[in-house]
>>> print(open('model32.cif').read())   # mmCIF, C-alpha atoms
data_run
loop_
_atom_site.label_atom_id
_atom_site.label_comp_id
_atom_site.auth_asym_id
_atom_site.auth_seq_id
_atom_site.Cartn_x
_atom_site.Cartn_y
_atom_site.Cartn_z
CA MET A 13 -23.27 -7.12 19.89
CA SER A 14 -21.24 -4.21 18.61
CA ASN A 15 -22.72 -0.74 18.73
CA TYR A 16 -21.27 0.04 15.32
CA ARG A 17 -21.47 -0.86 11.66
CA VAL A 18 -19.49 0.50 8.73
CA ILE A 19 -21.33 1.34 5.52
CA PHE A 20 -19.10 1.58 2.48
CA GLU A 21 -19.11 1.74 -1.29
CA ASP A 22 -16.47 0.62 -3.75
CA PRO A 23 -15.65 3.28 -6.36
CA GLU A 24 -14.21 0.53 -8.55
CA GLN A 25 -17.63 -1.22 -8.57
CA PRO A 26 -20.17 1.60 -9.03
CA GLU A 27 -23.00 -0.85 -9.78
CA GLN A 28 -22.53 -2.59 -6.43
CA PRO A 29 -24.97 -1.41 -3.72
CA ALA A 30 -23.68 0.04 -0.47
CA MET A 31 -22.13 -2.66 1.70
CA VAL A 32 -22.27 -3.07 5.47
CA LEU A 33 -19.39 -4.32 7.60
CA VAL A 34 -20.60 -6.26 10.64
CA PRO A 35 -17.95 -6.94 13.32
CA SER A 36 -17.75 -10.35 14.94
CA ASP A 37 -18.34 -10.21 18.70
CA ASN A 38 -15.60 -12.79 19.28
CA TRP A 39 -13.11 -10.76 17.29
CA LEU A 40 -14.10 -7.59 19.16
CA GLU A 41 -13.46 -9.35 22.46
CA GLU A 42 -10.00 -10.33 21.23
CA ALA A 43 -9.35 -6.73 20.20
CA LYS A 44 -10.44 -5.42 23.59
CA ALA A 45 -8.28 -8.04 25.30
CA GLY A 46 -5.21 -6.87 23.39
CA LEU A 47 -4.71 -10.03 21.34
CA LEU A 48 -4.33 -8.49 17.87
CA PRO A 49 -1.04 -8.19 15.95
CA PRO A 50 -0.01 -4.87 14.37
CA ILE A 51 -2.16 -4.09 11.33
CA SER A 52 1.04 -4.07 9.25
CA VAL A 53 1.14 -7.87 9.56
CA TYR A 54 -2.13 -8.14 7.61
CA TRP A 55 -1.11 -5.45 5.13
CA ALA A 56 2.10 -7.33 4.30
CA LEU A 57 0.03 -10.44 3.51
CA GLN A 58 -2.48 -8.43 1.47
CA ASP A 59 0.33 -6.76 -0.51
CA ASP A 60 1.87 -10.12 -1.42
CA GLU A 61 -1.48 -11.52 -2.48
CA GLN A 62 -2.39 -8.44 -4.52
CA GLN A 63 0.93 -8.69 -6.33
CA ALA A 64 0.23 -12.35 -7.12
CA ILE A 65 -3.18 -11.41 -8.50
CA ALA A 66 -1.68 -8.62 -10.62
CA GLU A 67 0.90 -11.04 -12.01
CA GLY A 68 -1.70 -13.72 -12.78
CA ARG A 69 -0.33 -16.31 -10.36
CA HIS A 70 -3.03 -16.23 -7.67
CA ASP A 71 -4.15 -19.81 -8.40
CA ASN A 72 -0.84 -21.18 -7.14
CA PHE A 73 -0.13 -18.46 -4.60
CA LYS A 74 1.03 -19.36 -1.11
CA HIS A 75 1.96 -16.91 1.62
CA ASP A 76 5.56 -16.67 2.78
CA PRO A 77 5.58 -18.95 5.88
CA GLU A 78 7.34 -16.39 8.07
CA LYS A 79 4.96 -13.57 7.16
CA HIS A 80 2.01 -15.93 7.60
CA ALA A 81 3.21 -17.03 11.04
CA ALA A 82 3.59 -13.38 12.08
CA GLN A 83 -0.19 -13.32 12.54
CA TRP A 84 0.42 -15.32 15.72
CA THR A 85 4.06 -14.60 16.59
CA SER A 86 4.36 -10.83 16.29
CA PRO A 87 4.03 -8.81 19.52
CA ARG A 88 0.43 -7.92 20.37
CA ILE A 89 -0.62 -4.27 20.19
CA GLY A 90 -2.47 -4.17 23.49
CA PRO A 91 -6.12 -3.56 24.37
CA LEU A 92 -8.27 -1.41 22.07
CA THR A 93 -11.48 0.41 22.80
CA GLU A 94 -14.47 -0.62 20.70
CA GLU A 95 -14.04 2.52 18.58
CA GLU A 96 -10.34 1.79 18.00
CA ALA A 97 -11.17 -1.81 17.15
CA ILE A 98 -13.66 -0.65 14.49
CA GLU A 99 -10.99 1.58 12.96
CA TYR A 100 -8.59 -1.37 12.95
CA LEU A 101 -11.24 -3.58 11.36
CA ILE A 102 -11.85 -1.05 8.58
CA MET A 103 -8.13 -1.12 7.75
CA LYS A 104 -8.10 -4.92 7.86
CA ASP A 105 -11.35 -6.02 6.18
CA ILE A 106 -12.34 -3.19 3.83
CA PRO A 107 -10.29 -2.95 0.61
CA ARG A 108 -7.56 -0.36 1.06
CA HIS A 109 -8.47 1.76 -1.98
CA ILE A 110 -11.83 2.52 -0.34
CA TRP A 111 -10.51 4.13 2.84
CA SER A 112 -6.98 5.27 1.97
CA VAL A 113 -7.77 7.35 -1.12
CA GLU A 114 -9.53 10.71 -1.08
CA TYR A 115 -12.56 10.85 -3.40
CA ASN A 116 -14.99 13.66 -4.15
CA ARG A 117 -17.38 12.16 -1.60
CA PRO A 118 -16.97 9.85 1.42
CA MET A 119 -16.78 6.17 0.51
CA PHE A 120 -17.37 4.85 4.03
CA LYS A 121 -19.15 5.89 7.19
CA ILE A 122 -19.16 4.47 10.72
CA VAL A 123 -22.75 4.39 12.00
CA LYS A 124 -24.66 3.13 15.01
CA THR A 125 -26.06 -0.34 14.51
CA ALA A 126 -29.58 0.97 15.06
CA ASP A 127 -29.15 3.37 12.13
CA VAL A 128 -28.80 0.55 9.57
CA PRO A 129 -32.20 -0.06 7.92
CA SER A 130 -33.79 -3.38 8.83
CA ASP A 131 -36.21 -3.28 5.88
CA ARG A 132 -34.31 -5.07 3.11
CA GLN A 133 -36.99 -4.93 0.44
CA PHE A 134 -34.82 -2.68 -1.72
CA ARG A 135 -31.49 -3.87 -0.34
CA ASN A 136 -29.74 -3.96 -3.70
CA ALA A 137 -30.56 -0.28 -4.25
CA TRP A 138 -28.91 0.98 -1.05
CA ARG A 139 -26.49 3.87 -1.51
CA LEU A 140 -24.31 5.67 1.00
CA ALA A 141 -25.99 8.98 1.88
CA ALA A 142 -23.82 12.08 1.53
CA MET B 26 -2.23 -44.01 26.97
CA SER B 27 -0.74 -40.60 27.63
CA THR B 28 -2.34 -37.22 28.11
CA LEU B 29 -1.06 -34.05 26.49
CA LYS B 30 -1.91 -30.85 28.33
CA ALA B 31 -1.06 -27.50 26.74
CA ASP B 32 -2.58 -24.06 26.44
CA VAL B 33 -1.22 -23.35 22.96
CA VAL B 34 -0.02 -25.61 20.14
CA GLN B 35 1.99 -23.99 17.35
CA ASN B 36 4.14 -25.14 14.46
CA ALA B 37 7.93 -24.73 14.49
CA ALA B 38 7.66 -21.19 13.10
CA GLY B 39 5.12 -20.25 15.75
CA GLY B 40 2.19 -20.26 13.36
CA ALA B 41 -0.92 -22.39 12.99
CA THR B 42 -0.14 -26.07 13.35
CA THR B 43 -0.92 -28.87 10.90
CA LEU B 44 -2.57 -31.96 12.32
CA THR B 45 -1.70 -35.20 10.52
CA ASP B 46 -4.77 -36.59 8.76
CA LEU B 47 -7.01 -34.05 10.49
CA TYR B 48 -8.44 -31.04 8.70
CA PRO B 49 -10.37 -28.89 11.13
CA ALA B 50 -12.34 -25.83 10.08
CA ARG B 51 -10.27 -22.65 10.00
CA ALA B 52 -13.40 -20.68 10.74
CA TRP B 53 -17.13 -21.18 11.11
CA VAL B 54 -20.15 -18.94 11.53
CA THR B 55 -23.86 -18.97 12.23
CA PHE B 56 -25.37 -15.91 10.62
CA ALA B 57 -28.60 -14.13 9.74
CA MET B 58 -29.26 -11.90 6.73
CA ASN B 59 -32.86 -10.90 7.42
CA GLY B 60 -33.45 -7.53 9.08
CA THR B 61 -30.00 -6.24 9.97
CA ALA B 62 -27.34 -8.72 8.85
CA ARG B 63 -25.53 -10.18 11.85
CA ILE B 64 -23.21 -12.87 13.14
CA LEU B 65 -24.97 -15.04 15.72
CA ALA B 66 -21.95 -17.17 16.67
CA SER B 67 -18.54 -17.70 15.14
CA ALA B 68 -14.90 -18.62 15.54
CA GLY B 69 -12.05 -17.39 13.37
CA MET B 70 -14.18 -14.68 11.73
CA SER B 71 -13.40 -11.00 12.16
CA SER B 72 -16.46 -9.68 10.33
CA LEU B 73 -19.25 -10.16 7.83
CA SER B 74 -19.59 -7.82 4.87
CA ASP B 75 -23.23 -7.59 3.77
CA LEU B 76 -22.76 -7.17 0.01
CA GLY B 77 -26.44 -7.22 -0.90
CA THR B 78 -29.47 -9.49 -0.88
CA GLY B 79 -28.40 -13.02 0.09
CA LYS B 80 -24.74 -12.24 -0.42
CA PRO B 81 -22.59 -12.15 2.70
CA GLN B 82 -18.80 -12.07 2.56
CA PHE B 83 -17.03 -13.58 5.55
CA ASN B 84 -13.71 -12.02 6.54
CA LEU B 85 -11.31 -14.32 8.37
CA SER B 86 -9.52 -13.30 11.55
CA ASN B 87 -6.30 -14.73 10.14
CA ALA B 88 -5.31 -15.27 6.53
CA LEU B 89 -5.19 -18.79 5.12
CA ALA B 90 -1.79 -19.97 3.90
CA ALA B 91 -3.18 -20.11 0.35
CA ALA B 92 -6.38 -19.09 -1.41
CA ASP B 93 -7.66 -22.62 -1.83
CA GLY B 94 -9.46 -25.14 0.32
CA GLY B 95 -13.20 -25.45 0.66
CA ALA B 96 -16.04 -23.29 1.90
CA TRP B 97 -19.67 -24.23 2.39
CA ALA B 98 -22.97 -22.75 3.46
CA CYS B 99 -26.39 -24.12 4.26
CA PRO B 100 -29.58 -22.58 5.63
CA SER B 101 -31.06 -23.59 8.95
CA LEU B 102 -34.11 -21.34 8.82
CA PHE B 103 -35.71 -20.39 5.53
CA VAL B 104 -37.46 -17.12 4.91
CA GLY B 105 -41.05 -17.44 6.09
CA GLY B 106 -40.42 -20.96 7.37
CA GLN B 107 -40.61 -22.36 3.84
CA GLU B 108 -38.72 -25.48 2.85
CA TRP B 109 -37.15 -24.83 -0.51
CA ALA B 110 -34.88 -26.63 -2.88
CA LEU B 111 -31.88 -24.32 -2.90
CA GLN B 112 -29.01 -23.48 -5.17
CA THR B 113 -26.36 -22.19 -2.83
CA GLY B 114 -22.67 -21.55 -3.29
CA ALA B 115 -19.57 -20.44 -1.43
CA ARG B 116 -16.41 -19.21 -3.09
CA ILE B 117 -13.01 -18.45 -1.56
CA THR B 118 -11.98 -15.15 -3.14
CA SER B 119 -8.71 -14.57 -1.28
CA THR B 120 -6.75 -15.90 1.66
CA THR B 121 -8.75 -13.61 3.92
CA ALA B 122 -12.33 -13.81 2.70
CA TYR B 123 -15.00 -15.91 1.02
CA ILE B 124 -18.42 -15.08 -0.38
CA VAL B 125 -21.63 -17.04 0.17
CA TYR B 126 -24.55 -16.96 -2.28
CA CYS B 127 -27.73 -17.69 -0.31
CA GLY B 128 -30.14 -19.51 -2.59
CA SER B 129 -33.92 -19.59 -2.73
CA ASP B 130 -36.68 -21.42 -4.60
CA SER B 131 -35.90 -19.40 -7.71
CA THR B 132 -32.81 -18.09 -9.45
CA THR B 133 -32.63 -15.11 -7.11
CA GLN B 134 -30.67 -14.86 -3.88
CA GLN B 135 -32.55 -14.59 -0.63
CA ASP B 136 -31.81 -13.17 2.83
CA TRP B 137 -31.83 -16.30 4.96
CA ASN B 138 -33.22 -16.04 8.47
CA GLN B 139 -30.33 -18.18 9.65
CA GLY B 140 -27.48 -20.00 7.96
CA TYR B 141 -24.33 -21.93 8.73
CA SER B 142 -21.02 -21.59 6.96
CA GLY B 143 -17.35 -22.37 7.34
CA VAL B 144 -14.02 -22.85 5.62
CA VAL B 145 -11.46 -25.65 5.73
CA ARG B 146 -7.97 -25.84 4.35
#
>>> encode(input="model32.cif", output="structure tokens")
Amino acid sequence: MSNYRVIFEDPEQPEQPAMVLVPSDNWLEEAKAGLLPPISVYWALQDDEQQAIAEGRHDNFKHDPEKHAAQWTSPRIGPLTEEEAIEYLIMKDIPRHIWSVEYNRPMFKIVKTADVPSDRQFRNAWRLAA
Amino acid sequence: MSTLKADVVQNAAGGATTLTDLYPARAWVTFAMNGTARILASAGMSSLSDLGTGKPQFNLSNALAAADGGAWACPSLFVGGQEWALQTGARITSTTAYIVYCGSDSTTQQDWNQGYSGVVR
């Protein structure tokens, strides 16, 4: 199991509690084995999909076959450390406006797994500590 | 009868292949939301985003070709070992993620001790 979690908040959804990104062990093994494509492959797909959403045509949206195939055909980036893999995962699985824009307080934080509370009684009130 | 042996099968463009009349899961996961949310076993998932009580989002290792298809979820262990009638849902929100709503014996969502989920397209 990964040593890390990523706690993040979405400034576009202020009512949403803090969220926790949990890496998949299988995916981490692939990252460490050097099997991932460049992150730009995923960003190109995300950009196309975001544009379709903005233009109101997401219901019928299909990825460009060549860009979609690039997930498997583009050259691999080589082995990553666990820390590098977590950084890659943030850029892949957390919405870009959360980590690429500077706000007046941090919107995400990489923490040790043991530092995430296990008492979920007030889970929907969790906030990211400053 | 012939035997096909290969390490990798791809379509003509080098991407994921389509199998005639077969529709395998693109990804599946066994997960837990009690305590610290975690993935117990999976394939084709890069991560789980714990969005709140009984509300995991599953992020796919590779994007689907389109944001349609089907996703499902069911509990294998209920909170406290109870057997409840559940209202549970799963919704594909993009080509790279879908959200599961873990039901309970009421209208609220619950942190399942263990659940199964997956997506086909």
>>> interface_residues(input="model32.cif", of="chain B", to="chain A", cutoff="7 Å", atoms="only C-alpha atoms", output="PyMOL selection string")
chain B and resi 38-40+60-61+63-64+68+70-78+84+87+90-91
>>> closest_residue(input="model32.cif", among="B:Arg146, B:Thr43, B:Ala110, B:Ala115", to="B:Ser131", atoms="only C-alpha atoms")
B:Ala110
>>> closest_residue(input="model32.cif", among="B:Gln112, B:Ser119, B:Ser86, B:Asn59", to="B:Asp136", atoms="only C-alpha atoms")
B:Asn59
>>> atom_distance(input="model32.cif", atom1="atom CA of A:Leu140", atom2="atom CA of A:Met119")
7.6 Å
>>> closest_residue(input="model32.cif", among="A:Ile89, A:Ile122, A:Ala64, A:Ile98", to="A:Leu47", atoms="only C-alpha atoms")
A:Ile89
>>> atom_distance(input="model32.cif", atom1="atom CA of A:Pro23", atom2="atom CA of A:Lys121")
14.2 Å
>>> atom_distance(input="model32.cif", atom1="atom CA of B:Val125", atom2="atom CA of A:Ile51")
25.9 Å
>>> closest_residue(input="model32.cif", among="B:Leu65, B:Ala98, B:Val34, B:Val145", to="B:Tyr126", atoms="all atoms listed in the file")
B:Ala98
>>> residues_near_point(input="model32.cif", point="(-31.1, -26.4, -3.7)", cutoff="9 Å", atoms="all atoms listed in the file", output="ChimeraX atom specification")
/B:109-113,128-130
>>> resolve_selection(input="model32.cif", expression="the PyMOL selection byres ((chain B and resi 137) around 10)", output="ChimeraX atom specification")
/B:56-60,62,78-80,99-105,127-129,134-136,138-140
>>> write_last_selection(input="model32.cif", atoms="C-alpha atoms", output="compact mmCIF listing (two decimals), in the coordinates of the input")
# COMPACT_ATOMS: atom_id res chain seq x y z
CA PHE B 56 -25.37 -15.91 10.62
CA ALA B 57 -28.60 -14.13 9.74
CA MET B 58 -29.26 -11.90 6.73
CA ASN B 59 -32.86 -10.90 7.42
CA GLY B 60 -33.45 -7.53 9.08
CA ALA B 62 -27.34 -8.72 8.85
CA THR B 78 -29.47 -9.49 -0.88
CA GLY B 79 -28.40 -13.02 0.09
CA LYS B 80 -24.74 -12.24 -0.42
CA CYS B 99 -26.39 -24.12 4.26
CA PRO B 100 -29.58 -22.58 5.63
CA SER B 101 -31.06 -23.59 8.95
CA LEU B 102 -34.11 -21.34 8.82
CA PHE B 103 -35.71 -20.39 5.53
CA VAL B 104 -37.46 -17.12 4.91
CA GLY B 105 -41.05 -17.44 6.09
CA CYS B 127 -27.73 -17.69 -0.31
CA GLY B 128 -30.14 -19.51 -2.59
CA SER B 129 -33.92 -19.59 -2.73
CA GLN B 134 -30.67 -14.86 -3.88
CA GLN B 135 -32.55 -14.59 -0.63
CA ASP B 136 -31.81 -13.17 2.83
CA ASN B 138 -33.22 -16.04 8.47
CA GLN B 139 -30.33 -18.18 9.65
CA GLY B 140 -27.48 -20.00 7.96
>>> closest_residue(input="model32.cif", among="A:Val53, A:Gln63, A:Pro26, A:Gly46", to="B:Ala88", atoms="all atoms listed in the file")
A:Val53
>>> closest_residue(input="model32.cif", among="B:Ser67, B:Gln82, B:Asn36, B:Ser27", to="B:Ile117", atoms="only C-alpha atoms")
B:Gln82
>>> axis_aligned_box(input="model32.cif", around="stretch 125-129 of chain B", padding_each_side="6 Å", output="JSON")
{"center_x": -27.8, "center_y": -18.3, "center_z": -1.3, "size_x": 24.3, "size_y": 14.6, "size_z": 14.9}
